[in-house]
>>> print(open('target-v2.cif').read())   # mmCIF, C-alpha atoms and all ligand atoms
data_coords
#
loop_
_atom_site.label_atom_id
_atom_site.label_comp_id
_atom_site.auth_asym_id
_atom_site.auth_seq_id
_atom_site.Cartn_x
_atom_site.Cartn_y
_atom_site.Cartn_z
CA MET A 144 115.60 76.30 125.94
CA TYR A 145 113.11 78.61 127.63
CA HIS A 146 113.59 81.99 129.31
CA LYS A 147 110.44 83.66 130.68
CA ILE A 148 107.14 81.82 131.05
CA SER A 149 104.90 84.87 130.86
CA GLU A 150 102.84 87.07 128.59
CA VAL A 151 104.85 89.70 126.70
CA ILE A 152 105.05 93.02 128.55
CA PRO A 153 104.28 95.79 126.02
CA GLY A 154 107.47 97.63 125.11
CA SER A 155 109.72 94.70 126.08
CA LEU A 156 113.07 94.71 124.25
CA TYR A 157 113.04 90.92 123.85
CA PRO A 158 109.41 89.83 123.38
CA GLY A 159 110.57 86.56 121.82
CA LEU A 160 111.90 85.36 125.17
CA SER A 161 108.45 85.28 126.82
CA VAL A 162 106.47 82.09 126.22
CA PRO A 163 102.87 82.51 127.47
CA PRO A 164 101.92 79.96 130.18
CA ARG A 165 99.07 78.51 128.10
CA LEU A 166 101.41 77.81 125.19
CA PHE A 167 104.04 76.37 127.55
CA GLU A 168 101.40 74.05 129.01
CA ARG A 169 100.43 72.78 125.55
CA GLN A 170 104.09 72.16 124.73
CA MET A 171 104.67 70.23 127.97
CA ARG A 172 101.49 68.20 127.46
CA PHE A 173 102.72 67.26 123.98
CA ILE A 174 106.08 66.12 125.34
CA ALA A 175 104.43 64.11 128.12
CA SER A 176 101.93 62.54 125.73
CA ARG A 177 104.76 61.28 123.52
CA GLY A 178 106.38 59.46 126.44
CA PHE A 179 109.41 61.69 126.94
CA GLN A 180 111.00 61.66 130.40
CA SER A 181 112.26 65.02 131.62
CA VAL A 182 115.73 64.46 133.09
CA ARG A 183 118.30 66.30 135.18
CA LEU A 184 121.46 67.28 133.34
CA GLU A 185 123.90 66.85 136.25
CA ASN A 186 124.97 63.40 135.08
CA PRO A 187 124.71 63.37 131.27
CA THR A 188 125.55 59.65 131.08
CA VAL A 189 122.58 58.79 133.29
CA ALA A 190 120.41 61.21 131.30
CA PHE A 191 121.38 59.62 127.96
CA HIS A 192 120.48 56.17 129.26
CA SER A 193 117.01 57.18 130.44
CA GLU A 194 114.10 56.20 128.27
CA LYS A 195 113.24 58.98 125.78
CA PRO A 196 115.16 61.62 127.75
CA ILE A 197 114.47 65.31 127.29
CA SER A 198 115.89 68.23 129.26
CA ILE A 199 113.69 71.28 129.77
CA THR A 200 115.94 74.27 130.56
CA PHE A 201 115.14 77.79 131.77
CA ASP A 202 117.77 80.53 131.52
CA ASP A 203 118.19 83.37 134.06
CA GLY A 204 116.00 82.14 136.98
CA TYR A 205 112.92 84.33 136.63
CA GLN A 206 110.27 84.31 139.36
CA ASP A 207 107.75 83.36 136.67
CA PHE A 208 109.38 79.91 136.58
CA ALA A 209 108.12 79.31 140.14
CA ASP A 210 104.77 81.02 139.54
CA ALA A 211 103.81 79.77 136.08
CA ALA A 212 106.05 76.89 134.94
CA VAL A 213 106.30 74.82 138.13
CA PRO A 214 102.53 74.24 138.59
CA ILE A 215 102.34 72.96 134.99
CA LEU A 216 105.44 70.77 135.34
CA ASP A 217 104.14 69.44 138.69
CA ARG A 218 100.80 68.45 137.17
CA LEU A 219 102.61 66.52 134.43
CA ARG A 220 105.20 65.07 136.85
CA MET A 221 108.00 66.74 134.92
CA ILE A 222 111.10 68.56 136.08
CA GLY A 223 113.28 71.31 134.67
CA THR A 224 116.76 72.79 134.98
CA VAL A 225 117.11 76.49 135.82
CA PHE A 226 120.30 78.50 135.26
CA LEU A 227 120.83 81.18 137.94
CA VAL A 228 122.75 84.46 137.77
CA ASN A 229 124.43 84.30 141.18
CA ASP A 230 124.88 87.99 142.04
CA LEU A 231 121.33 88.87 140.98
CA ILE A 232 119.35 86.24 142.93
CA GLY A 233 116.28 87.97 144.40
CA LYS A 234 116.93 91.05 142.24
CA THR A 235 116.10 91.75 138.59
CA ASN A 236 117.61 91.13 135.14
CA GLU A 237 120.00 94.10 135.36
CA TRP A 238 121.90 93.03 132.23
CA ASP A 239 118.72 93.80 130.24
CA THR A 240 117.38 96.76 132.26
CA GLN A 241 120.71 98.56 131.71
CA LEU A 242 119.77 98.56 128.04
CA GLY A 243 116.30 99.94 128.77
CA ASP A 244 114.27 96.74 129.13
CA HIS A 245 111.50 96.32 131.72
CA PRO A 246 112.71 94.71 134.96
CA ALA A 247 111.74 91.08 135.54
CA VAL A 248 112.07 89.65 139.06
CA LEU A 249 114.55 86.80 139.61
CA MET A 250 113.83 84.07 142.18
CA GLU A 251 115.17 84.49 145.69
CA ASP A 252 117.15 81.94 147.74
CA GLN A 253 114.20 80.44 149.61
CA THR A 254 112.18 79.88 146.45
CA ILE A 255 115.15 78.15 144.84
CA LEU A 256 115.69 75.96 147.93
CA ASP A 257 112.02 74.95 148.03
CA LEU A 258 112.08 74.00 144.34
CA ALA A 259 115.38 72.13 144.69
CA ASN A 260 113.77 70.09 147.47
CA LYS A 261 110.98 69.19 145.06
CA GLY A 262 113.51 67.84 142.54
CA PHE A 263 114.10 70.78 140.23
CA GLU A 264 117.70 71.22 139.12
CA PHE A 265 119.70 74.45 139.38
CA GLY A 266 122.85 75.38 137.49
CA SER A 267 125.05 78.44 137.09
CA HIS A 268 124.57 81.13 134.46
CA THR A 269 127.61 83.12 135.78
CA ARG A 270 127.69 85.81 138.49
CA THR A 271 126.57 88.83 136.44
CA HIS A 272 125.42 87.54 133.01
CA VAL A 273 128.50 88.65 131.04
CA HIS A 274 129.64 88.02 127.50
CA LEU A 275 132.31 85.43 128.36
CA ASP A 276 133.77 85.50 124.86
CA GLN A 277 134.48 89.21 125.34
CA SER A 278 136.00 88.82 128.83
CA ASP A 279 139.59 88.11 129.86
CA GLU A 280 140.56 84.96 131.72
CA ASN A 281 140.39 86.56 135.20
CA VAL A 282 136.85 87.80 134.65
CA GLN A 283 135.84 84.47 133.13
CA ARG A 284 137.27 82.69 136.20
CA GLU A 285 135.14 84.82 138.54
CA GLU A 286 132.05 84.28 136.44
CA ILE A 287 132.48 80.53 135.88
CA VAL A 288 134.48 79.15 138.84
CA ASP A 289 133.41 81.60 141.58
CA SER A 290 129.73 81.46 140.62
CA LYS A 291 129.76 77.71 141.29
CA LYS A 292 131.39 78.14 144.72
CA ARG A 293 129.11 81.01 145.72
CA LEU A 294 125.93 79.26 144.62
CA GLU A 295 126.96 76.14 146.53
CA GLU A 296 127.69 78.20 149.66
CA THR A 297 124.37 80.01 149.45
CA LEU A 298 122.17 77.07 148.51
CA GLY A 299 123.98 74.21 150.24
CA PHE A 300 123.82 71.71 147.38
CA PRO A 301 126.20 70.92 144.49
CA ILE A 302 125.93 73.00 141.30
CA GLN A 303 126.83 70.67 138.44
CA THR A 304 125.62 72.37 135.28
CA PHE A 305 126.58 75.58 133.51
CA CYS A 306 124.97 77.76 130.83
CA TYR A 307 126.94 80.26 128.71
CA PRO A 308 125.12 83.66 128.72
CA TYR A 309 124.14 84.81 125.21
CA GLY A 310 125.57 81.50 124.01
CA GLY A 311 128.94 83.29 123.96
CA TYR A 312 132.08 81.39 124.94
CA ASN A 313 135.58 80.47 123.79
CA THR A 314 138.20 77.81 124.53
CA THR A 315 139.12 79.54 127.81
CA SER A 316 135.48 79.35 128.94
CA VAL A 317 135.23 75.64 128.19
CA ASN A 318 138.49 74.95 130.01
CA LEU A 319 137.33 76.91 133.07
CA VAL A 320 133.99 75.06 133.10
CA LYS A 321 135.93 71.78 133.22
CA GLU A 322 138.40 73.10 135.83
CA ALA A 323 135.54 74.30 138.06
CA GLY A 324 134.18 70.75 138.17
CA TYR A 325 130.90 71.16 136.33
CA SER A 326 129.69 67.95 134.69
CA CYS A 327 128.27 69.67 131.58
CA ALA A 328 127.44 73.01 129.96
CA VAL A 329 124.73 74.13 127.55
CA THR A 330 125.08 76.52 124.61
CA THR A 331 122.53 78.16 122.32
CA ARG A 332 123.73 76.06 119.39
CA LYS A 333 120.77 74.38 117.76
CA GLY A 334 120.29 70.64 117.80
CA LEU A 335 119.96 67.27 119.45
CA ASN A 336 122.60 65.82 121.77
CA THR A 337 123.96 62.31 121.44
CA GLU A 338 126.54 60.49 123.53
CA SER A 339 129.22 61.78 121.16
CA THR A 340 128.25 65.46 121.67
CA ASP A 341 130.85 67.35 123.73
CA ARG A 342 129.08 67.55 127.09
CA PHE A 343 130.64 70.96 127.74
CA GLN A 344 129.04 72.31 124.56
CA LEU A 345 125.58 70.76 124.58
CA ASN A 346 123.05 71.84 121.94
CA ARG A 347 119.54 73.12 122.65
CA ILE A 348 116.32 73.89 120.80
CA ALA A 349 115.17 77.49 121.31
CA ILE A 350 111.47 77.81 122.16
CA ARG A 351 110.21 81.35 121.73
CA ASN A 352 107.06 83.44 121.98
CA ASP A 353 106.16 82.59 118.37
CA THR A 354 106.88 78.85 118.68
CA LEU A 355 103.23 77.87 118.22
CA MET A 356 102.32 74.19 118.40
CA PRO A 357 102.91 73.25 114.72
CA ILE A 358 106.34 74.90 114.88
CA PHE A 359 107.09 73.29 118.23
CA VAL A 360 106.26 69.85 116.85
CA TYR A 361 108.34 70.57 113.73
CA LYS A 362 111.32 71.69 115.83
CA LEU A 363 111.23 68.46 117.82
CA TRP A 364 110.78 66.37 114.66
CA ARG A 365 113.67 68.16 112.95
CA ALA A 366 115.95 67.63 115.97
CA PHE A 367 115.16 63.93 116.28
CA ARG A 368 115.13 63.17 112.56
CA LEU A 369 117.82 65.51 111.28
CA GLY A 370 119.80 66.10 114.47
CA LYS A 371 119.45 69.89 114.31
ZN ZN B 401 120.67 84.44 130.08
#
>>> encode(input="target-v2.cif", output="structure tokens")
Amino acid sequence: MYHKISEVIPGSLYPGLSVPPRLFERQMRFIASRGFQSVRLENPTVAFHSEKPISITFDDGYQDFADAAVPILDRLRMIGTVFLVNDLIGKTNEWDTQLGDHPAVLMEDQTILDLANKGFEFGSHTRTHVHLDQSDENVQREEIVDSKKRLEETLGFPIQTFCYPYGGYNTTSVNLVKEAGYSCAVTTRKGLNTESTDRFQLNRIAIRNDTLMPIFVYKLWRAFRLGK
């Protein structure tokens, strides 16, 4: 689980969410050198049956994904899955700037379409980046069900995967994700996924600004050996 692929902007409220491009490149080279295949999440059964599957995810849809991450992934013939905040496409991360954080630009439609044509996967991260677990069912429906419809109308391809903002969700959220027709959803719960993991509550491994190479390797080892 990545967010921004960028240097930390001084004064940022969440410096941990920015992984510098050079560190990201080393992490991707490590994954590639160990024979992992980066997979799309849209069909988890297919993903699980790939050889050494790994899913590289990027929350929020920052422009730095296109600028910094894609060239590295392209060089290594890898792909990634990006979770978009529908109502803020082409704008900035208003859910953070409202709290006083620096604005970060989010990708616009055409950038997303170009990357989708190259094989990158796009999923929904709601319409406005809300705390679903603190929202009533009507709001959750707009954020989960409507975001899928709107993204599909705007982009013209199916949106199959969902990501709970802040890792916050409840039973209503999971039910709405299923009702909307998504094939899977990712959380911020730590760990490896197996075929018995609930595909609407998939685990991830958080990679942060301070996840230097020894820690990165340890995190992968821990997930594959201990399952968490
Ligand atoms: Zn997010």
>>> residues_near_ligand(input="target-v2.cif", ligand="ligand ZN 401 (chain B)", cutoff="12 Å", atoms="all atoms listed in the file", output="VMD selection string")
chain A and resid 144 to 147 157 160 200 to 205 225 to 229 231 236 to 239 249 266 to 275 305 to 311 329 to 331
>>> axis_aligned_box(input="target-v2.cif", around="stretch 339-350 of chain A", padding_each_side="4 Å", output="AutoDock Vina command-line options")
--center_x 121.2 --center_y 69.8 --center_z 124.3 --size_x 27.4 --size_y 24.0 --size_z 14.9
>>> closest_residue(input="target-v2.cif", among="A:Glu185, A:Asp257, A:Asp252, A:Asp341", to="A:Leu294", atoms="all atoms listed in the file")
A:Asp252
>>> atom_distance(input="target-v2.cif", atom1="atom CA of A:Val162", atom2="atom CA of A:Glu150")
6.6 Å
>>> closest_residue(input="target-v2.cif", among="A:Gly233, A:Gly223, A:Gly159, A:Gly334", to="A:Ala259", atoms="all atoms listed in the file")
A:Gly223
>>> atom_distance(input="target-v2.cif", atom1="atom CA of A:Ala212", atom2="atom CA of A:Ser149")
9.0 Å
>>> atom_distance(input="target-v2.cif", atom1="atom CA of A:Thr297", atom2="atom CA of A:Asn346")
28.7 Å
>>> closest_residue(input="target-v2.cif", among="A:Arg347, A:Ser339, A:Tyr312, A:Phe208", to="A:Ser161", atoms="only C-alpha atoms")
A:Phe208
>>> closest_residue(input="target-v2.cif", among="A:Glu194, A:Glu251, A:Asp230, A:Glu295", to="A:Asp207", atoms="only C-alpha atoms")
A:Glu251
>>> closest_residue(input="target-v2.cif", among="A:Glu168, A:Asp276, A:Asp289, A:Asp210", to="A:Tyr325", atoms="only C-alpha atoms")
A:Asp289
>>> closest_residue(input="target-v2.cif", among="A:Val360, A:Leu258, A:Val282, A:Leu355", to="A:Leu166", atoms="only C-alpha atoms")
A:Leu355
>>> residues_around(input="target-v2.cif", residues="A:Phe359", least_positions_apart="2", cutoff="12 Å", atoms="all atoms listed in the file", output="list of chain:residue names")
A:Met144, A:Val162, A:Leu166, A:Phe167, A:Arg169, A:Gln170, A:Met171, A:Arg172, A:Phe173, A:Ile174, A:Ile348, A:Ala349, A:Ile350, A:Arg351, A:Asn352, A:Asp353, A:Thr354, A:Leu355, A:Met356, A:Pro357, A:Tyr361, A:Lys362, A:Leu363, A:Trp364, A:Arg365, A:Ala366
>>> build_atoms(input="target-v2.cif", residues="stretch 190-201 of chain A", atoms="all heavy atoms", output="short mmCIF file (atom, residue, chain, number, x, y, z; two decimals), in the frame of the given file")
data_model
loop_
_atom_site.label_atom_id
_atom_site.label_comp_id
_atom_site.auth_asym_id
_atom_site.auth_seq_id
_atom_site.Cartn_x
_atom_site.Cartn_y
_atom_site.Cartn_z
N ALA A 190 121.48 60.61 132.10
CA ALA A 190 120.41 61.21 131.30
C ALA A 190 120.28 60.50 129.95
O ALA A 190 119.17 60.15 129.52
CB ALA A 190 120.68 62.70 131.09
N PHE A 191 121.42 60.26 129.28
CA PHE A 191 121.38 59.62 127.96
C PHE A 191 120.81 58.21 128.03
O PHE A 191 120.24 57.73 127.06
CB PHE A 191 122.78 59.57 127.35
CG PHE A 191 123.18 60.85 126.66
CD1 PHE A 191 124.34 61.51 127.00
CD2 PHE A 191 122.39 61.39 125.65
CE1 PHE A 191 124.71 62.69 126.37
CE2 PHE A 191 122.74 62.57 125.01
CZ PHE A 191 123.92 63.22 125.37
N HIS A 192 120.96 57.55 129.16
CA HIS A 192 120.48 56.17 129.26
C HIS A 192 119.07 56.07 129.81
O HIS A 192 118.56 54.97 130.02
CB HIS A 192 121.47 55.33 130.07
CG HIS A 192 122.73 55.04 129.28
ND1 HIS A 192 123.91 55.72 129.47
CD2 HIS A 192 122.96 54.20 128.24
CE1 HIS A 192 124.82 55.31 128.60
NE2 HIS A 192 124.27 54.38 127.83
N SER A 193 118.42 57.22 130.05
CA SER A 193 117.01 57.18 130.44
C SER A 193 116.20 56.87 129.19
O SER A 193 116.69 57.03 128.07
CB SER A 193 116.57 58.53 130.98
OG SER A 193 117.44 58.96 131.99
N GLU A 194 114.94 56.50 129.41
CA GLU A 194 114.10 56.20 128.27
C GLU A 194 113.52 57.50 127.71
O GLU A 194 112.92 58.28 128.45
CB GLU A 194 112.97 55.26 128.71
CG GLU A 194 112.37 54.53 127.54
CD GLU A 194 111.21 53.66 127.98
OE1 GLU A 194 111.15 53.28 129.16
OE2 GLU A 194 110.36 53.38 127.11
N LYS A 195 113.71 57.76 126.45
CA LYS A 195 113.24 58.98 125.78
C LYS A 195 113.55 60.24 126.60
O LYS A 195 112.64 60.99 126.98
CB LYS A 195 111.73 58.90 125.47
CG LYS A 195 111.41 57.86 124.40
CD LYS A 195 109.99 57.97 123.88
CE LYS A 195 109.87 59.02 122.78
NZ LYS A 195 108.55 59.00 122.10
N PRO A 196 114.83 60.48 126.89
CA PRO A 196 115.16 61.62 127.75
C PRO A 196 114.99 62.96 127.04
O PRO A 196 115.26 63.08 125.84
CB PRO A 196 116.64 61.39 128.09
CG PRO A 196 117.18 60.64 126.91
CD PRO A 196 116.03 59.78 126.42
N ILE A 197 114.53 63.95 127.80
CA ILE A 197 114.47 65.31 127.29
C ILE A 197 114.78 66.24 128.47
O ILE A 197 114.38 65.98 129.60
CB ILE A 197 113.09 65.62 126.66
CG1 ILE A 197 113.16 66.92 125.85
CG2 ILE A 197 111.99 65.67 127.70
CD1 ILE A 197 111.99 67.09 124.86
N SER A 198 115.55 67.27 128.21
CA SER A 198 115.89 68.23 129.26
C SER A 198 115.19 69.54 128.96
O SER A 198 115.32 70.07 127.86
CB SER A 198 117.41 68.42 129.29
OG SER A 198 117.72 69.65 129.88
N ILE A 199 114.41 70.02 129.93
CA ILE A 199 113.69 71.28 129.77
C ILE A 199 114.49 72.33 130.55
O ILE A 199 114.58 72.24 131.78
CB ILE A 199 112.26 71.20 130.37
CG1 ILE A 199 111.59 69.85 130.07
CG2 ILE A 199 111.40 72.37 129.92
CD1 ILE A 199 111.16 69.66 128.67
N THR A 200 115.09 73.30 129.86
CA THR A 200 115.94 74.27 130.56
C THR A 200 115.33 75.68 130.54
O THR A 200 114.62 76.05 129.60
CB THR A 200 117.35 74.34 129.93
OG1 THR A 200 117.26 74.89 128.62
CG2 THR A 200 118.00 72.97 129.88
N PHE A 201 115.66 76.43 131.59
CA PHE A 201 115.14 77.79 131.77
C PHE A 201 116.31 78.69 132.14
O PHE A 201 116.92 78.51 133.20
CB PHE A 201 114.10 77.81 132.90
CG PHE A 201 112.92 76.90 132.65
CD1 PHE A 201 113.01 75.53 132.96
CD2 PHE A 201 111.77 77.37 132.07
CE1 PHE A 201 111.94 74.68 132.71
CE2 PHE A 201 110.70 76.52 131.82
CZ PHE A 201 110.78 75.17 132.12
#
